[in-house]
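Dropping data-v9.txt in here (compact mmCIF, C-alpha atoms):
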# COMPACT_ATOMS: atom_id res chain seq x y z
CA MET X 22 0.00 0.00 0.00
CA HIS X 23 3.02 2.20 -0.17
CA THR X 24 2.64 3.29 -3.79
CA ILE X 25 -0.39 4.12 -5.88
CA TYR X 26 0.10 0.93 -7.91
CA SER X 27 0.03 -1.29 -4.87
CA ARG X 28 -3.10 0.46 -3.58
CA ILE X 29 -4.80 -0.03 -6.95
CA ASN X 30 -3.73 -3.67 -6.89
CA ASN X 31 -5.06 -4.33 -3.40
CA THR X 32 -8.36 -2.53 -3.81
CA SER X 33 -9.12 -4.09 -7.20
CA ALA X 34 -8.42 -7.57 -5.79
CA LEU X 35 -10.83 -6.98 -2.91
CA LEU X 36 -13.35 -5.44 -5.29
CA SER X 37 -13.35 -8.46 -7.60
CA THR X 38 -13.84 -10.81 -4.64
CA CYS X 39 -16.77 -8.69 -3.46
CA LEU X 40 -18.24 -8.68 -6.96
CA MET X 41 -18.08 -12.47 -7.18
CA CYS X 42 -19.80 -12.83 -3.80
CA LEU X 43 -22.47 -10.32 -4.84
CA VAL X 44 -23.19 -12.07 -8.11
CA GLY X 45 -23.31 -15.45 -6.35
CA ALA X 46 -25.74 -14.07 -3.79
CA ILE X 47 -27.95 -12.69 -6.57
CA ALA X 48 -28.01 -16.09 -8.25
CA VAL X 49 -28.86 -17.90 -5.02
CA SER X 50 -31.57 -15.36 -4.16
CA SER X 51 -33.52 -16.21 -7.29
CA TYR X 52 -34.04 -19.77 -5.99
CA PHE X 53 -35.99 -18.41 -3.05
CA MET X 54 -38.46 -16.54 -5.17
CA THR X 55 -40.54 -19.44 -6.49
CA THR X 56 -43.97 -18.72 -7.92
CA ASP X 57 -46.52 -20.95 -9.59
CA PRO X 58 -48.59 -19.02 -12.07
CA ARG X 59 -51.29 -20.92 -13.90
CA GLY X 60 -53.17 -20.30 -17.07
CA THR X 61 -55.51 -21.95 -19.52
CA ILE X 62 -54.94 -23.35 -22.93
CA GLY X 63 -57.55 -24.68 -25.29
CA VAL X 64 -57.58 -26.07 -28.78
CA ALA X 65 -59.92 -24.27 -31.13
CA SER X 66 -59.64 -26.38 -34.27
CA ILE X 67 -57.40 -28.88 -35.98
CA GLN X 68 -57.22 -29.53 -39.70
CA VAL X 69 -55.14 -32.27 -41.23
CA PHE X 70 -54.19 -32.27 -44.89
CA PRO X 71 -52.14 -34.76 -46.86
CA GLY X 72 -49.24 -33.37 -48.78
CA ASN X 73 -45.74 -34.05 -49.91
CA ALA X 74 -42.64 -33.90 -47.81
CA ARG X 75 -40.48 -30.97 -48.67
CA ARG X 76 -37.31 -32.85 -49.28
CA TYR X 77 -38.48 -36.03 -50.95
CA VAL X 78 -41.18 -35.11 -53.43
CA ASN X 79 -42.65 -38.58 -53.61
CA LYS X 80 -42.98 -39.13 -49.90
CA GLN X 81 -46.41 -38.44 -48.50
CA GLN X 82 -46.81 -36.67 -45.19
CA ASP X 83 -49.75 -35.28 -43.29
CA PHE X 84 -49.72 -31.62 -42.33
CA ALA X 85 -51.71 -30.38 -39.37
CA PHE X 86 -52.95 -26.83 -38.83
CA LEU X 87 -53.80 -26.22 -35.23
CA HIS X 88 -55.61 -23.18 -33.83
CA PHE X 89 -55.44 -22.66 -30.08
CA ASN X 90 -56.07 -20.11 -27.34
CA VAL X 91 -53.72 -19.44 -24.45
CA SER X 92 -54.33 -17.08 -21.60
CA ALA X 93 -52.18 -16.71 -18.50
CA ASP X 94 -50.90 -14.07 -16.12
CA LEU X 95 -47.15 -14.53 -15.93
CA THR X 96 -46.16 -11.37 -14.09
CA PRO X 97 -45.04 -13.24 -10.90
CA LEU X 98 -42.29 -14.89 -12.90
CA PHE X 99 -40.46 -11.59 -13.41
CA ASN X 100 -38.10 -11.18 -10.46
CA TRP X 101 -34.98 -9.02 -10.39
CA ASN X 102 -32.86 -11.78 -11.87
CA THR X 103 -35.11 -12.44 -14.87
CA LYS X 104 -33.95 -11.30 -18.27
CA GLN X 105 -36.72 -12.73 -20.42
CA LEU X 106 -39.38 -15.40 -20.45
CA PHE X 107 -39.43 -18.05 -23.15
CA LEU X 108 -42.89 -19.53 -23.66
CA TYR X 109 -43.74 -22.42 -25.88
CA VAL X 110 -46.65 -24.65 -26.75
CA SER X 111 -45.88 -28.26 -27.53
CA ALA X 112 -48.21 -30.88 -28.93
CA GLU X 113 -47.88 -34.42 -27.67
CA TYR X 114 -49.41 -37.37 -29.47
CA THR X 115 -48.89 -41.07 -30.18
CA ASN X 116 -48.76 -42.08 -33.81
CA PRO X 117 -50.20 -45.36 -35.08
CA GLN X 118 -46.83 -47.06 -34.88
CA GLY X 119 -46.98 -46.52 -31.13
CA ILE X 120 -44.29 -43.87 -30.93
CA ARG X 121 -44.88 -40.91 -28.65
CA ASN X 122 -44.09 -37.56 -30.26
CA ASP X 123 -43.67 -34.18 -28.63
CA VAL X 124 -43.54 -31.25 -31.05
CA VAL X 125 -43.06 -27.56 -30.29
CA ILE X 126 -45.52 -25.69 -32.46
CA TRP X 127 -45.39 -22.14 -31.11
CA ASP X 128 -43.06 -20.04 -29.02
CA LYS X 129 -42.70 -16.46 -27.83
CA ILE X 130 -40.15 -14.40 -25.97
CA VAL X 131 -41.42 -11.96 -23.34
CA ARG X 132 -38.88 -9.37 -22.30
CA ARG X 133 -40.79 -7.00 -20.04
CA LYS X 134 -43.06 -7.42 -17.07
CA GLU X 135 -45.71 -5.24 -18.72
CA ASP X 136 -46.00 -7.69 -21.64
CA ALA X 137 -46.37 -10.72 -19.40
CA ASN X 138 -50.16 -10.92 -19.31
CA ILE X 139 -50.72 -13.03 -22.34
CA THR X 140 -53.94 -13.81 -24.11
CA ILE X 141 -53.16 -15.32 -27.43
CA THR X 142 -55.36 -16.77 -30.13
CA SER X 143 -53.05 -18.18 -32.67
CA ARG X 144 -52.15 -21.01 -34.98
CA ASN X 145 -49.04 -23.07 -35.05
CA LYS X 146 -45.99 -21.09 -36.02
CA TYR X 147 -43.92 -23.99 -37.23
CA THR X 148 -44.93 -26.67 -39.68
CA PHE X 149 -46.62 -29.46 -37.85
CA ARG X 150 -46.03 -32.56 -39.88
CA GLU X 151 -46.08 -36.22 -39.06
CA LEU X 152 -42.88 -37.72 -40.28
CA SER X 153 -44.14 -41.24 -40.77
CA SER X 154 -46.66 -40.39 -43.44
CA THR X 155 -49.87 -40.17 -41.51
CA PHE X 156 -51.45 -39.18 -38.24
CA ARG X 157 -54.20 -41.74 -38.69
CA MET U 20 13.06 17.57 -11.05
CA ASN U 21 13.41 13.89 -11.81
CA GLU U 22 12.79 12.99 -8.20
CA TYR U 23 9.75 15.23 -8.07
CA ILE U 24 8.19 13.47 -11.06
CA GLN U 25 9.09 10.10 -9.60
CA SER U 26 7.56 10.89 -6.22
CA LEU U 27 4.46 12.20 -7.99
CA LEU U 28 4.09 8.98 -9.95
CA GLU U 29 4.66 6.74 -6.97
CA GLY U 30 2.46 8.49 -4.46
CA ARG U 31 4.04 7.14 -1.32
CA ILE U 32 2.31 7.22 2.04
CA ASP U 33 3.77 6.32 5.42
CA PHE U 34 2.92 3.29 7.54
CA GLU U 35 0.20 4.87 9.63
CA GLY U 36 -1.45 6.08 6.45
CA GLN U 37 -1.24 2.58 4.97
CA LYS U 38 -3.00 1.16 8.00
CA VAL U 39 -5.82 3.68 7.69
CA VAL U 40 -6.17 3.13 3.96
CA GLU U 41 -6.27 -0.63 4.26
CA LYS U 42 -8.91 -0.61 6.97
CA LEU U 43 -11.00 1.98 5.14
CA ALA U 44 -10.89 0.15 1.82
CA ARG U 45 -11.74 -3.24 3.27
CA LEU U 46 -14.57 -1.91 5.43
CA THR U 47 -16.21 0.18 2.73
CA LEU U 48 -16.05 -2.50 0.06
CA ILE U 49 -17.63 -5.18 2.22
CA ALA U 50 -20.25 -2.81 3.62
CA VAL U 51 -21.18 -1.43 0.20
CA THR U 52 -21.53 -4.92 -1.28
CA ALA U 53 -23.90 -5.95 1.50
CA VAL U 54 -25.92 -2.72 1.38
CA SER U 55 -26.27 -2.72 -2.39
CA PHE U 56 -27.41 -6.36 -2.39
CA ILE U 57 -30.03 -5.73 0.28
CA LEU U 58 -31.27 -2.51 -1.33
CA GLY U 59 -31.47 -4.09 -4.78
CA PHE U 60 -33.27 -7.14 -3.42
CA ALA U 61 -35.79 -4.96 -1.62
CA LEU U 62 -36.42 -2.79 -4.68
CA GLN U 63 -36.18 -5.82 -7.03
CA SER U 64 -33.87 -3.96 -9.38
CA LEU U 65 -30.38 -5.03 -10.48
CA ARG U 66 -29.80 -1.53 -11.80
CA VAL U 67 -29.98 -0.10 -8.27
CA THR U 68 -27.50 -2.68 -7.01
CA PHE U 69 -24.88 -2.07 -9.61
CA THR U 70 -25.14 1.72 -9.79
CA LEU U 71 -24.77 1.93 -6.02
CA LEU U 72 -21.75 -0.35 -6.15
CA GLY U 73 -20.14 1.54 -9.03
CA ALA U 74 -20.67 4.98 -7.50
CA SER U 75 -19.23 3.82 -4.17
CA VAL U 76 -16.21 2.29 -5.85
CA ILE U 77 -15.46 5.53 -7.69
CA LEU U 78 -15.84 7.51 -4.46
CA LEU U 79 -13.61 5.05 -2.61
CA SER U 80 -10.89 5.26 -5.23
CA LEU U 81 -10.94 9.06 -4.99
CA VAL U 82 -10.42 8.82 -1.23
CA VAL U 83 -7.96 5.96 -1.08
CA LEU U 84 -5.77 6.06 -4.18
CA PRO U 85 -4.20 9.55 -4.29
CA PRO U 86 -1.49 10.22 -1.68
CA TRP U 87 -3.37 12.78 0.37
CA GLY U 88 -1.39 14.76 2.94
CA ALA U 89 -3.43 13.24 5.75
CA TYR U 90 -1.80 9.89 5.02
CA ASN U 91 1.68 11.36 5.42
CA ARG U 92 1.39 12.81 8.91
CA HIS U 93 3.59 10.17 10.57
CA PRO U 94 6.81 9.93 8.59
CA VAL U 95 9.32 7.26 9.61
CA LYS U 96 11.92 8.56 12.06
CA TRP U 97 15.26 7.32 10.82
CA LEU U 98 18.06 7.01 13.39
CA PRO U 99 21.11 9.27 12.92
CA PRO U 100 24.01 7.52 11.12
CA ILE U 101 26.61 5.84 13.36
CA GLU U 102 30.29 6.50 12.62
CA LYS U 103 31.75 3.04 11.98
CA LYS U 104 35.37 2.13 12.63
CA PRO U 105 36.71 -0.18 9.88
CA ALA U 106 36.78 -3.79 11.22
CA ALA U 107 40.13 -5.61 11.34
CA ILE U 108 40.40 -8.38 8.77
CA SER U 109 41.82 -11.54 10.29
Please lay out the structure from this file as structure tokens.
Amino acid sequence: MHTIYSRINNTSALLSTCLMCLVGAIAVSSYFMTTDPRGTIGVASIQVFPGNARRYVNKQQDFAFLHFNVSADLTPLFNWNTKQLFLYVSAEYTNPQGIRNDVVIWDKIVRRKEDANITITSRNKYTFRELSSTFR
Amino acid sequence: MNEYIQSLLEGRIDFEGQKVVEKLARLTLIAVTAVSFILGFALQSLRVTFTLLGASVILLSLVVLPPWGAYNRHPVKWLPPIEKKPAAIS
């Protein structure tokens, strides 16, 4: 601590230790703020059309168009350590071969607390196709 | 002139000053970390936490880093030189 350089050295070392402890405490604190918001989701309509797979023009695939409604109040999820919320809707079904599929058909990123009350009426954002030719 | 520039760049302080500076720096940094965490947690805002921390660090460096005169009030008292007789080589 006798020269300026050694004072800068010592204080910056202590400062970085304090910063690490602070950041660790912030991370731990977000585990104590658990909330359980609930909402509703309902399917409005489903339409299934046969078509061709995009890559192999002779392979038949079924395409599904799904309309759904989602409404939820997600404001409790925004604590001080939250940067954004990633929401997604996934469809789960079992195809006739007995294989269980879980497909994400819609997602949304919510960045602010004010936008967190969501009431959405929407259709699937991503192509919903059954890879083994048919849903039936 | 050379020594003046050198002493300006080094910014020496005496031992009592070093003690004060060390205690002050350690105390303020730990206290400010705790206070800014608690305040930010209460207000649920990370911005509050980090602006408080940054402002306090800048203030602390203004107080601690330059060699203020208050840190040089107890200069080391060197003993007067002793006249040595040359030792006999055996």
message: What's around range 85-88 of chain X at 12 Å? Count all atoms listed in the file, leave out sequence neighbours fewer than 5 positions away in its own chain, and write the answer as a PyMOL selection string.
response: chain X and resi 62-72+110-112+124-127+141-152+154-157
Point (-36.7, -4.6, -10.6), cut-off 6 Å, counting only C-alpha atoms, residues as number ranges by chain: X: 101; U: 63-64
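Proximity to chain X at a cut-off of 8 Å picks out Leu28, Glu29, Gly30, Arg31, Ile32, Asp33, Phe34, Gln37, Val40, Glu41, Ala44, Arg45, Leu48, Ile49, Thr52, Ala53, Phe56, Phe60, Gln63, Ser64, Leu65, Val83, Leu84, Pro85 and Pro86 of chain U on chain U, counting only C-alpha atoms.
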- prompt: What is the CA of Val82 in chain U-CA of Trp97 in chain U distance in Å, reported with one decimal?
  reply: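 Separation of CA of Val82 in chain U and CA of Trp97 in chain U: 28.4 Å.
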query: What gap, in Å, lies between CA of Asn30 in chain X and CA of Val76 in chain U?
result: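 CA of Val76 in chain U lies 13.9 Å from CA of Asn30 in chain X.
What separates CA of Gly59 in chain U from CA of Val39 in chain U is a distance of 29.6 Å.
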Where's the centre, and what are the edge lengths in Å to one decimal, of a box along x, y and z enclosing all listed atoms of range 56-74 of chain X padded 5 Å per side, as JSON?
{"center_x": -51.3, "center_y": -26.7, "center_z": -28.9, "size_x": 27.3, "size_y": 26.0, "size_z": 52.0}
message: Which residues are near Tyr114 in chain X? Cut-off 7 Å, all atoms listed in the file, ignore same chain within fewer than 5 positions. Put them as a list in words.
response: Arg121, Asn122 and Asp123 of chain X
Print the selection's residues with C-alpha atoms to a file, as a PDB file, in the frame of the given file.
ATOM      1  CA  ARG X 121     -44.880 -40.910 -28.650  1.00  0.00           C
ATOM      2  CA  ASN X 122     -44.090 -37.560 -30.260  1.00  0.00           C
ATOM      3  CA  ASP X 123     -43.670 -34.180 -28.630  1.00  0.00           C
TER       4      ASP X 123
END
Since the input lacks some atoms of range 65-86 of chain U, please model N, CA, C and O atoms and print them as a PDB file, in the frame of the given file.
ATOM      1  N   LEU U  65     -31.825  -4.835 -10.387  1.00  0.00           N
ATOM      2  CA  LEU U  65     -30.380  -5.030 -10.480  1.00  0.00           C
ATOM      3  C   LEU U  65     -29.668  -3.723 -10.789  1.00  0.00           C
ATOM      4  O   LEU U  65     -28.513  -3.529 -10.446  1.00  0.00           O
ATOM      5  N   ARG U  66     -30.419  -2.801 -11.437  1.00  0.00           N
ATOM      6  CA  ARG U  66     -29.800  -1.530 -11.800  1.00  0.00           C
ATOM      7  C   ARG U  66     -29.393  -0.771 -10.548  1.00  0.00           C
ATOM      8  O   ARG U  66     -28.308  -0.190 -10.471  1.00  0.00           O
ATOM      9  N   VAL U  67     -30.278  -0.782  -9.528  1.00  0.00           N
ATOM     10  CA  VAL U  67     -29.980  -0.100  -8.270  1.00  0.00           C
ATOM     11  C   VAL U  67     -28.717  -0.676  -7.642  1.00  0.00           C
ATOM     12  O   VAL U  67     -27.817   0.052  -7.203  1.00  0.00           O
ATOM     13  N   THR U  68     -28.651  -2.015  -7.613  1.00  0.00           N
ATOM     14  CA  THR U  68     -27.500  -2.680  -7.010  1.00  0.00           C
ATOM     15  C   THR U  68     -26.202  -2.231  -7.648  1.00  0.00           C
ATOM     16  O   THR U  68     -25.263  -1.796  -6.966  1.00  0.00           O
ATOM     17  N   PHE U  69     -26.168  -2.311  -8.984  1.00  0.00           N
ATOM     18  CA  PHE U  69     -24.880  -2.070  -9.610  1.00  0.00           C
ATOM     19  C   PHE U  69     -24.531  -0.595  -9.721  1.00  0.00           C
ATOM     20  O   PHE U  69     -23.351  -0.238  -9.705  1.00  0.00           O
ATOM     21  N   THR U  70     -25.514   0.296  -9.785  1.00  0.00           N
ATOM     22  CA  THR U  70     -25.140   1.720  -9.790  1.00  0.00           C
ATOM     23  C   THR U  70     -24.636   2.129  -8.425  1.00  0.00           C
ATOM     24  O   THR U  70     -23.669   2.891  -8.317  1.00  0.00           O
ATOM     25  N   LEU U  71     -25.253   1.593  -7.364  1.00  0.00           N
ATOM     26  CA  LEU U  71     -24.770   1.930  -6.020  1.00  0.00           C
ATOM     27  C   LEU U  71     -23.343   1.439  -5.844  1.00  0.00           C
ATOM     28  O   LEU U  71     -22.465   2.164  -5.348  1.00  0.00           O
ATOM     29  N   LEU U  72     -23.096   0.206  -6.279  1.00  0.00           N
ATOM     30  CA  LEU U  72     -21.750  -0.350  -6.150  1.00  0.00           C
ATOM     31  C   LEU U  72     -20.739   0.453  -6.943  1.00  0.00           C
ATOM     32  O   LEU U  72     -19.659   0.803  -6.447  1.00  0.00           O
ATOM     33  N   GLY U  73     -21.078   0.799  -8.192  1.00  0.00           N
ATOM     34  CA  GLY U  73     -20.140   1.540  -9.030  1.00  0.00           C
ATOM     35  C   GLY U  73     -19.832   2.915  -8.493  1.00  0.00           C
ATOM     36  O   GLY U  73     -18.671   3.344  -8.442  1.00  0.00           O
ATOM     37  N   ALA U  74     -20.891   3.635  -8.033  1.00  0.00           N
ATOM     38  CA  ALA U  74     -20.670   4.980  -7.500  1.00  0.00           C
ATOM     39  C   ALA U  74     -19.783   4.914  -6.258  1.00  0.00           C
ATOM     40  O   ALA U  74     -18.876   5.740  -6.075  1.00  0.00           O
ATOM     41  N   SER U  75     -20.037   3.906  -5.392  1.00  0.00           N
ATOM     42  CA  SER U  75     -19.230   3.820  -4.170  1.00  0.00           C
ATOM     43  C   SER U  75     -17.788   3.472  -4.484  1.00  0.00           C
ATOM     44  O   SER U  75     -16.869   3.951  -3.803  1.00  0.00           O
ATOM     45  N   VAL U  76     -17.582   2.647  -5.504  1.00  0.00           N
ATOM     46  CA  VAL U  76     -16.210   2.290  -5.850  1.00  0.00           C
ATOM     47  C   VAL U  76     -15.453   3.498  -6.371  1.00  0.00           C
ATOM     48  O   VAL U  76     -14.284   3.728  -6.025  1.00  0.00           O
ATOM     49  N   ILE U  77     -16.134   4.332  -7.172  1.00  0.00           N
ATOM     50  CA  ILE U  77     -15.460   5.530  -7.690  1.00  0.00           C
ATOM     51  C   ILE U  77     -15.127   6.480  -6.548  1.00  0.00           C
ATOM     52  O   ILE U  77     -14.013   7.027  -6.459  1.00  0.00           O
ATOM     53  N   LEU U  78     -16.075   6.631  -5.620  1.00  0.00           N
ATOM     54  CA  LEU U  78     -15.840   7.510  -4.460  1.00  0.00           C
ATOM     55  C   LEU U  78     -14.680   6.979  -3.622  1.00  0.00           C
ATOM     56  O   LEU U  78     -13.796   7.735  -3.193  1.00  0.00           O
ATOM     57  N   LEU U  79     -14.668   5.653  -3.410  1.00  0.00           N
ATOM     58  CA  LEU U  79     -13.610   5.050  -2.610  1.00  0.00           C
ATOM     59  C   LEU U  79     -12.254   5.258  -3.256  1.00  0.00           C
ATOM     60  O   LEU U  79     -11.267   5.571  -2.587  1.00  0.00           O
ATOM     61  N   SER U  80     -12.188   5.112  -4.580  1.00  0.00           N
ATOM     62  CA  SER U  80     -10.890   5.260  -5.230  1.00  0.00           C
ATOM     63  C   SER U  80     -10.413   6.715  -5.163  1.00  0.00           C
ATOM     64  O   SER U  80      -9.220   6.970  -5.084  1.00  0.00           O
ATOM     65  N   LEU U  81     -11.355   7.669  -5.141  1.00  0.00           N
ATOM     66  CA  LEU U  81     -10.940   9.060  -4.990  1.00  0.00           C
ATOM     67  C   LEU U  81     -10.371   9.320  -3.595  1.00  0.00           C
ATOM     68  O   LEU U  81      -9.503  10.174  -3.414  1.00  0.00           O
ATOM     69  N   VAL U  82     -10.898   8.589  -2.599  1.00  0.00           N
ATOM     70  CA  VAL U  82     -10.420   8.820  -1.230  1.00  0.00           C
ATOM     71  C   VAL U  82      -9.135   8.054  -0.960  1.00  0.00           C
ATOM     72  O   VAL U  82      -8.245   8.543  -0.261  1.00  0.00           O
ATOM     73  N   VAL U  83      -9.030   6.847  -1.506  1.00  0.00           N
ATOM     74  CA  VAL U  83      -7.960   5.960  -1.080  1.00  0.00           C
ATOM     75  C   VAL U  83      -6.717   6.038  -1.972  1.00  0.00           C
ATOM     76  O   VAL U  83      -5.598   5.966  -1.496  1.00  0.00           O
ATOM     77  N   LEU U  84      -6.907   6.189  -3.285  1.00  0.00           N
ATOM     78  CA  LEU U  84      -5.770   6.060  -4.180  1.00  0.00           C
ATOM     79  C   LEU U  84      -4.776   7.230  -4.178  1.00  0.00           C
ATOM     80  O   LEU U  84      -3.582   7.000  -4.129  1.00  0.00           O
ATOM     81  N   PRO U  85      -5.214   8.506  -4.245  1.00  0.00           N
ATOM     82  CA  PRO U  85      -4.200   9.550  -4.290  1.00  0.00           C
ATOM     83  C   PRO U  85      -3.501   9.686  -2.942  1.00  0.00           C
ATOM     84  O   PRO U  85      -4.089   9.416  -1.901  1.00  0.00           O
ATOM     85  N   PRO U  86      -2.231  10.104  -2.950  1.00  0.00           N
ATOM     86  CA  PRO U  86      -1.490  10.220  -1.680  1.00  0.00           C
ATOM     87  C   PRO U  86      -1.816  11.541  -0.978  1.00  0.00           C
ATOM     88  O   PRO U  86      -1.049  12.496  -1.024  1.00  0.00           O
TER      89      PRO U  86
END
